[in-house]
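Everything below concerns the one structure shown next.
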Amino acid sequence: GRLIETSGDYPFGTGSFIRVVDKETGSTLRRVTDGLQLPVFIEGLAELGGHWYASTYKDHVALEYDEDFNLMAKHNFPFEGWGLTHGPDHQSFLATNSSEFVLAINGKSFELESATPATCLGQTVSGLNELEMVDDFLGNGPALMGNVIDTRVVLVLDPVSANCLGAFHLEDLEVETAEEARGRHVANGIAFDKQSGNFWVTGKNWDQMFEITVGEIDNEDKAMSLLAKHLDSF
């Protein structure tokens with residue numbers, strides 16, 4: 001029932017941390033910095049086998065914590081870290097690295113097992129950022145959620161083929177600013193609440209987290225339009 005948030009070292013010099021959040025009040029229950037001394041820049045966070053694993057941006061290390069966020073080990077992570085979540089088998093990781101590929105990574109050795117391009121609207125989609133695996137999305141089986149960089153679009157992907165199953169958008173939440181065109185203040189954070197079936201979403205330097213429901217991807221048309229516009233800009 002805990003809500004866990006990571007925050008990278010931005011603005012640079014402020015330091016990375018993991019935060020355990022009270023879902024009712026938004027207050028910080030615990031702040032963790034073990035293993036995150038400067039210049040380490042934390043990115044994704046995933047639970048696997050009762051432990052928590054954090055990827056890092058360009059530090060090439062994955063940090064392993066126990067269930068209470070005591071630092072247990074450091075692992076070689078030979079990728080640029082963006083998003084991180086568990087795979088549908090709960091034995092491996094799925095990760096992103098700024099490219100169009102969804103990386104399947106061995107849960108013990110951290111070796112790359114496969115790299116599958118994310119596709120939607122007949123095109124590959126680069127810049128998938130934060131990831132979240134939902135074991136049974138709307139009763140249709142496992143699905144992988146991914147924020148698309150510099151947009152408020154969340155893709156819903158088949159976790160094996162990385163083909164797009166749909167999308168939803170976060171346009172009506174935090175007030176948009178001009179910073180978003182420069183990659184700041186963008187939507188980047190999604191967590192599935194197993195207890196309620198809702199999602200918690202936020203973004204870079206957003207003032208709030210939002211609890212939302214997603215039903216049959218009910219804003220998919222607008223989300224796909226936003227995605228198409230984003231893809232056409234490349």
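To be explicit about the labels: the chains of the structure tokens are called A, B, and onward in the order shown, and within each one the residues are counted from 1, while ligands get numbers from 1 in the order they are shown.
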
Using DSSP secondary structure from the backbone, list all strand (DSSP E) positions within chain A, as a compact mmCIF listing (two decimals) with C-alpha atoms, in the first residue's frame.
```txt
# COMPACT_ATOMS: atom_id res chain seq x y z
CA LEU A 3 3.48 4.95 -2.79
CA ILE A 4 7.16 5.20 -3.73
CA GLU A 5 8.65 8.13 -5.65
CA THR A 6 12.14 8.68 -7.02
CA SER A 7 13.66 12.08 -7.75
CA PHE A 17 16.42 10.45 -3.31
CA ILE A 18 13.69 7.88 -2.87
CA ARG A 19 10.57 9.01 -1.04
CA VAL A 20 7.90 6.92 0.68
CA VAL A 21 4.68 8.92 0.45
CA THR A 28 6.89 12.18 3.23
CA LEU A 29 6.98 9.12 5.47
CA ARG A 30 10.61 8.34 4.71
CA ARG A 31 13.36 9.81 2.54
CA VAL A 32 16.18 7.49 1.40
CA ILE A 42 18.34 7.95 -9.84
CA GLU A 43 15.77 7.12 -12.49
CA GLY A 44 13.42 4.10 -12.49
CA LEU A 45 12.37 1.93 -9.57
CA ALA A 46 10.95 -1.61 -9.64
CA GLU A 47 10.04 -4.28 -7.12
CA LEU A 48 11.21 -7.82 -7.82
CA HIS A 51 13.44 -6.22 -3.07
CA TRP A 52 13.50 -2.81 -4.73
CA TYR A 53 15.84 -2.03 -7.63
CA ALA A 54 16.69 1.45 -8.88
CA SER A 55 18.25 2.29 -12.23
CA THR A 56 20.48 5.32 -12.68
CA VAL A 61 24.81 1.04 -11.65
CA ALA A 62 21.58 -0.49 -10.38
CA LEU A 63 20.95 -0.22 -6.65
CA GLU A 64 19.28 -3.03 -4.72
CA TYR A 65 17.32 -2.30 -1.54
CA LEU A 71 20.82 -0.65 0.64
CA MET A 72 21.83 -4.26 -0.01
CA ALA A 73 23.97 -4.28 -3.16
CA LYS A 74 25.09 -2.46 -6.26
CA HIS A 75 24.93 -4.13 -9.68
CA ASN A 76 26.52 -3.31 -13.01
CA LEU A 84 12.32 0.50 -15.04
CA THR A 85 9.62 -2.00 -14.06
CA HIS A 86 9.21 -5.73 -13.60
CA SER A 92 13.04 -9.99 -15.21
CA PHE A 93 13.03 -6.24 -15.74
CA LEU A 94 11.73 -4.08 -18.56
CA ALA A 95 13.63 -0.84 -19.07
CA PHE A 101 13.56 0.02 -27.63
CA VAL A 102 11.99 -1.68 -24.65
CA LEU A 103 14.81 -3.65 -23.03
CA ALA A 104 14.24 -7.00 -21.33
CA ILE A 105 16.92 -7.41 -18.68
CA ASN A 106 17.77 -10.52 -16.68
CA LEU A 112 20.29 -7.77 -21.86
CA GLU A 113 17.92 -10.51 -23.01
CA SER A 114 16.14 -8.66 -25.81
CA ALA A 115 15.48 -5.21 -27.25
CA THR A 116 12.09 -4.72 -28.88
CA PRO A 117 11.03 -1.48 -30.61
CA THR A 119 5.48 0.77 -32.14
CA CYS A 120 2.28 2.76 -32.47
CA GLN A 123 5.83 4.04 -36.37
CA THR A 124 8.45 3.35 -33.77
CA LEU A 128 9.58 6.17 -23.60
CA ASN A 129 10.40 7.33 -20.10
CA GLU A 130 8.81 6.17 -16.85
CA LEU A 131 7.38 2.63 -17.03
CA GLU A 132 4.75 0.74 -15.05
CA MET A 133 3.68 -2.87 -15.50
CA VAL A 134 0.05 -3.74 -14.77
CA ALA A 143 0.11 -4.30 -20.14
CA LEU A 144 3.09 -1.98 -19.99
CA MET A 145 2.47 1.73 -19.43
CA GLY A 146 5.02 4.29 -20.61
CA ASN A 147 5.18 8.08 -20.52
CA VAL A 148 6.26 9.51 -23.89
CA VAL A 153 0.67 10.85 -23.51
CA VAL A 154 0.87 7.48 -21.78
CA LEU A 155 1.20 4.51 -24.14
CA VAL A 156 -0.28 1.14 -23.28
CA LEU A 157 1.93 -1.57 -24.78
CA CYS A 164 0.67 -0.33 -28.88
CA LEU A 165 -2.60 -1.50 -27.35
CA GLY A 166 -3.89 2.02 -26.80
CA ALA A 167 -3.08 5.27 -25.06
CA PHE A 168 -4.44 7.85 -22.66
CA HIS A 169 -3.46 11.44 -21.94
CA ALA A 187 4.39 14.31 -17.33
CA ASN A 188 6.79 11.67 -16.03
CA GLY A 189 5.59 9.37 -13.31
CA ILE A 190 2.96 6.64 -13.17
CA ALA A 191 2.18 4.05 -10.50
CA PHE A 192 -0.60 1.47 -10.39
CA PHE A 199 -3.24 5.16 -11.11
CA TRP A 200 -1.11 7.80 -9.43
CA VAL A 201 0.51 10.18 -11.93
CA THR A 202 2.79 13.18 -11.69
CA GLY A 203 5.51 14.97 -13.65
CA PHE A 210 -3.05 12.94 -9.12
CA GLU A 211 -5.06 9.79 -8.55
CA ILE A 212 -6.89 8.88 -11.76
```

Requested in this report: Assign secondary structure with DSSP using the backbone only, and return the residues of range 157-215 of chain A in helix (DSSP H, G or I) as a PyMOL selection string.
Outcome: chain A and resi 178-182

Could you save those same residues with all heavy atoms as a PDB file, in the first residue's frame?
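For reference, part21.pdb as written:
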```
ATOM      1  N   ALA A 178       5.279  26.789 -20.555  1.00  0.00           N
ATOM      2  CA  ALA A 178       6.182  26.840 -21.707  1.00  0.00           C
ATOM      3  C   ALA A 178       7.394  25.949 -21.514  1.00  0.00           C
ATOM      4  O   ALA A 178       8.058  25.564 -22.484  1.00  0.00           O
ATOM      5  CB  ALA A 178       6.626  28.282 -21.945  1.00  0.00           C
ATOM      6  N   GLU A 179       7.688  25.606 -20.262  1.00  0.00           N
ATOM      7  CA  GLU A 179       8.833  24.742 -19.949  1.00  0.00           C
ATOM      8  C   GLU A 179       8.701  23.367 -20.601  1.00  0.00           C
ATOM      9  O   GLU A 179       9.707  22.702 -20.850  1.00  0.00           O
ATOM     10  CB  GLU A 179       8.951  24.573 -18.433  1.00  0.00           C
ATOM     11  CG  GLU A 179       9.311  25.837 -17.678  1.00  0.00           C
ATOM     12  CD  GLU A 179      10.796  26.126 -17.739  1.00  0.00           C
ATOM     13  OE1 GLU A 179      11.534  25.540 -16.939  1.00  0.00           O
ATOM     14  OE2 GLU A 179      11.213  26.914 -18.614  1.00  0.00           O
ATOM     15  N   GLU A 180       7.480  22.938 -20.869  1.00  0.00           N
ATOM     16  CA  GLU A 180       7.276  21.589 -21.382  1.00  0.00           C
ATOM     17  C   GLU A 180       7.876  21.409 -22.765  1.00  0.00           C
ATOM     18  O   GLU A 180       8.283  20.310 -23.126  1.00  0.00           O
ATOM     19  CB  GLU A 180       5.783  21.238 -21.363  1.00  0.00           C
ATOM     20  CG  GLU A 180       5.226  21.248 -19.949  1.00  0.00           C
ATOM     21  CD  GLU A 180       3.866  20.579 -19.815  1.00  0.00           C
ATOM     22  OE1 GLU A 180       3.543  19.695 -20.632  1.00  0.00           O
ATOM     23  OE2 GLU A 180       3.143  20.940 -18.875  1.00  0.00           O
ATOM     24  N   ALA A 181       7.943  22.460 -23.532  1.00  0.00           N
ATOM     25  CA  ALA A 181       8.554  22.375 -24.862  1.00  0.00           C
ATOM     26  C   ALA A 181      10.049  22.127 -24.775  1.00  0.00           C
ATOM     27  O   ALA A 181      10.669  21.698 -25.745  1.00  0.00           O
ATOM     28  CB  ALA A 181       8.279  23.659 -25.650  1.00  0.00           C
ATOM     29  N   ARG A 182      10.623  22.382 -23.607  1.00  0.00           N
ATOM     30  CA  ARG A 182      12.064  22.169 -23.407  1.00  0.00           C
ATOM     31  C   ARG A 182      12.340  20.956 -22.531  1.00  0.00           C
ATOM     32  O   ARG A 182      13.423  20.806 -21.980  1.00  0.00           O
ATOM     33  CB  ARG A 182      12.682  23.429 -22.795  1.00  0.00           C
ATOM     34  CG  ARG A 182      12.584  24.657 -23.693  1.00  0.00           C
ATOM     35  CD  ARG A 182      13.347  25.842 -23.132  1.00  0.00           C
ATOM     36  NE  ARG A 182      12.709  26.394 -21.937  1.00  0.00           N
ATOM     37  CZ  ARG A 182      11.744  27.304 -21.965  1.00  0.00           C
ATOM     38  NH1 ARG A 182      11.272  27.738 -23.128  1.00  0.00           N
ATOM     39  NH2 ARG A 182      11.222  27.771 -20.853  1.00  0.00           N
TER      40      ARG A 182
END
```

**Report entry** Atomic distance CA of Gly139 in chain A - CA of Asn198 in chain A, expressed in Å with one decimal
**Finding:** 13.6 Å
